[in-house]
Every structure is written in structure tokens, then in C-alpha cells.
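*Asks:* So that we are looking at the same thing, I have put the structure below in C-alpha cells.
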Amino acid sequence: VLAEAVRTAHANVAITSPDVDGRTWDLAFGDQLDIRPIRPVNATEVEDDRGVITDDRLASYVAKYATKGTSTSEAADRRIRSQADIDRLQISAHHRRIIQTAWDLPELVPCPDCHPDGHHEPDGCGCQQRTHANYCATCNNGGEVTRTTRRQFLHPELGDKPDPIDALKLRRWAHMLAFRGHFLTKSQAYSVPFRQIRDDRRRYQHEHTLAELGITDEDSITVVNDWAMTSVGHRTPDERELAAAIAQRQRDMRKHRHATERKD
């Protein structure tokens, strides 16, 4: 019955993706289907000596197969911060494409206020002919905004509801192939939280290091911090130009707030 339920779900379940720039996709399971019932030949893996399926045996059996595909070659072992992080990953082309798609979908879009005709171009674009070209409160003169900001600007009647793509937080979970969760549900009521596992592992490594150094009393360690001045200012013309641009933007923002604030 369970195997037939899996086959039925595989053949019939499908959803429609959120709208992305006027286009949607129908998402469904692929062609591969792997159902492996527990048969007498491997029943001993989940049964005790009396032929009873115990919770411990069943949990061990599930854990063995649930963790078979969790090697670092199939995904990233830490959160993606930039495109450079993706470029350095040593993973299969298939998993790279999934991570890249999760990273690209929620990328910033042109500001609908000061760049309604597309991204800003150094040679000039529509934003330079607008009356408020000196400052844009929508994007803080950045030229780009999130999909949610664009949605709220173009469709204020929809309220503050986030864009469907932004709501998925794809970039936050790109390292997990956009799946924001774990293969099983963890509960502090009956299982060991991952935080406790990480703390125990960190503590073990710390005590192991002390033991290798022959230190028996942790309080006997003296930590000496020695700070020294190495340089002042910016090292390259590019750094000076970037710092000047940031300072100018902050001044423009302060002037704008001062000009628009109520005087009464």
C-alpha cells in the first residue's frame, strides 16, 4: 500500500512556480523512482533477536540510508556568500546548476523609481532625465532593489507582502540546494538538538588540544594580545575612490533627510 502511494504521488503531484518576470514553470517529480521495500533478506537490520521491530533498530536503519548521500561532494558545507563561493565549489555539474539557479533567481532588479528602463548605464539612461536624479529614496541611489521592493513600488495595493521568490530565501539556503530544512524533523522534546551536538564537538576538540599540549588546568593558560599600528589611510587609489564615493552618498542622504523632514 505504501509503495503504491509513493507511485501515485510521483505520477500526479505537481505545483506551479511563483511568477518570475512574467513566466511560471510547472514543477513535478522526475522520471527516476526508487522504492525499496524491507524484505526478509534484510529484515534482521530492523528486527531484534525475537523478530520484533524496535525503535532503536528502525532508527538505525533509517539513519544509515538517510546519511548515505550527505557527502560534501554533493553540496556545499557552508553558506554561500558570493558568486566566487559558487565558482570554487568542487561539485557535480548538476548540483552546481541547482545552487547557481537558487543564487540567480532572487538577484537584485533595476529600481522601478529611478531606473524604469533597465539597469543604470555609465553612458546615460532614463534616470538622468528624471526630476529627482540627485537622490532616489527607493534605492538610496544604488540603482537596484529587491524583488519585494519593486513589487511594493509597482503594486502598493498588495500591501507589504513579500515577493514569492524573496519569500523562499533561496540565497540563504543555496548551499543546501535551496532546501531549507533537514531530511528529518528535530524536536528538543525527544531528540538531541544540533546546537548541543555542535557544542559537544567544539568542547571535545578544545579538550583534545589541551591534552596534546599537556595542559591539565585550563585556568592556567595566559592569553597575551599584542596590537601594533601597521598603516593609516587607504593603500590604493581604488580604495580612496571607493571611500570617497561612500562618504559622498552618506552626505547626500543626510541632505535629503534634512530637506524633506517636517519643520513644524
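Every chain in the C-alpha cells has a letter given in the order shown (A, B, ...), and although residue numbers restart at 1 in each chain, ligands are simply numbered from 1 in the order shown.
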With a distance cut-off of 12 Å and only C-alpha atoms, select the neighbouring residues of region 23-38 of chain A, excluding the residue or stretch itself and same-chain residues fewer than 2 positions from it, and output the selection as a VMD selection string.

*Replies:* chain A and resid 1 to 21 40 to 47 53 58 61 to 62 65 164 to 165

*Asks:* With a distance cut-off of 9 Å and only C-alpha atoms, select the neighbouring residues of region 172-174 of chain A, excluding the residue or stretch itself and same-chain residues fewer than 6 positions from it, and output the selection as a list in words.

*Replies:* Ala76, Arg79, Ile80, Arg81, Ile98, Ile99, Gln100, Thr101, Ala102, Trp103, Arg180 and Gly181 of chain A

*Asks:* If we count only C-alpha atoms, what is near Ala137 (chain A) at a cut-off of 9 Å, once residues fewer than 6 positions away on the same chain are taken out, given as a compact mmCIF listing (two decimals) with N, CA and C atoms, in the first residue's frame?

*Replies:*
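Resulting contents of out-v3.txt:
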# COMPACT_ATOMS: atom_id res chain seq x y z
N ASP A 113 11.87 53.12 -9.64
CA ASP A 113 11.68 54.56 -9.45
C ASP A 113 12.62 55.37 -10.32
N MET A 253 22.51 61.53 1.46
CA MET A 253 21.37 61.00 2.21
C MET A 253 21.01 61.92 3.37
N HIS A 256 19.27 64.94 1.98
CA HIS A 256 17.91 64.62 1.56
C HIS A 256 16.97 64.53 2.76

*Asks:* Hey, which bits of region 36-124 of chain A sit within 8 Å of region 143-158 of chain A, and for each residue what's the closest pair of atoms and how far apart in Å (one decimal), counting only C-alpha atoms, rows by chain and increasing number, as a tab-separated table?

*Replies:*
residue	atom	partner	partner_atom	distance
A:Pro106	CA	A:Arg147	CA	7.1
A:Glu107	CA	A:Thr146	CA	7.2
A:Leu108	CA	A:Thr146	CA	4.9
A:Val109	CA	A:Glu144	CA	5.3
A:Pro110	CA	A:Glu144	CA	4.5
A:Cys111	CA	A:Glu144	CA	4.7
A:Pro112	CA	A:Arg150	CA	6.2
A:Asp113	CA	A:Phe153	CA	7.8
A:Cys114	CA	A:Gly143	CA	7.0
A:His115	CA	A:Gly143	CA	6.6
A:His119	CA	A:Gly143	CA	7.0
A:His120	CA	A:Gly143	CA	6.5

*Asks:* Go ahead and compute the interatomic distance for CA of Glu212 (chain A) and CA of Asp199 (chain A), in Å to one decimal.

*Replies:*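 CA of Glu212 (chain A) sits 20.1 Å away from CA of Asp199 (chain A).
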
*Asks:* In Å to one decimal, how far is CA of Lys169 (chain A) from CA of Leu105 (chain A)?

*Replies:* 10.1 Å

*Asks:* As a ChimeraX atom specification, please: all residues of region 10-253 of chain A that backbone DSSP puts in helix (DSSP H, G or I).

*Replies:* /A:10-12,40-45,55-66,83-88,93-104,126-129,147-154,156-158,164-167,174-176,194-212,218-220,237-253

*Asks:* Among region 4-227 of chain A, which ones does DSSP assign to strand (DSSP E or B) (computed from the backbone)? Answer as a PyMOL selection string.

*Replies:* chain A and resi 14-16+20+23+26-28+47+53+109-110+144-145

*Asks:* Work out how far apart CA of Leu242 (chain A) and CA of Cys136 (chain A) are and give it in Å to one decimal.

*Replies:* 19.8 Å
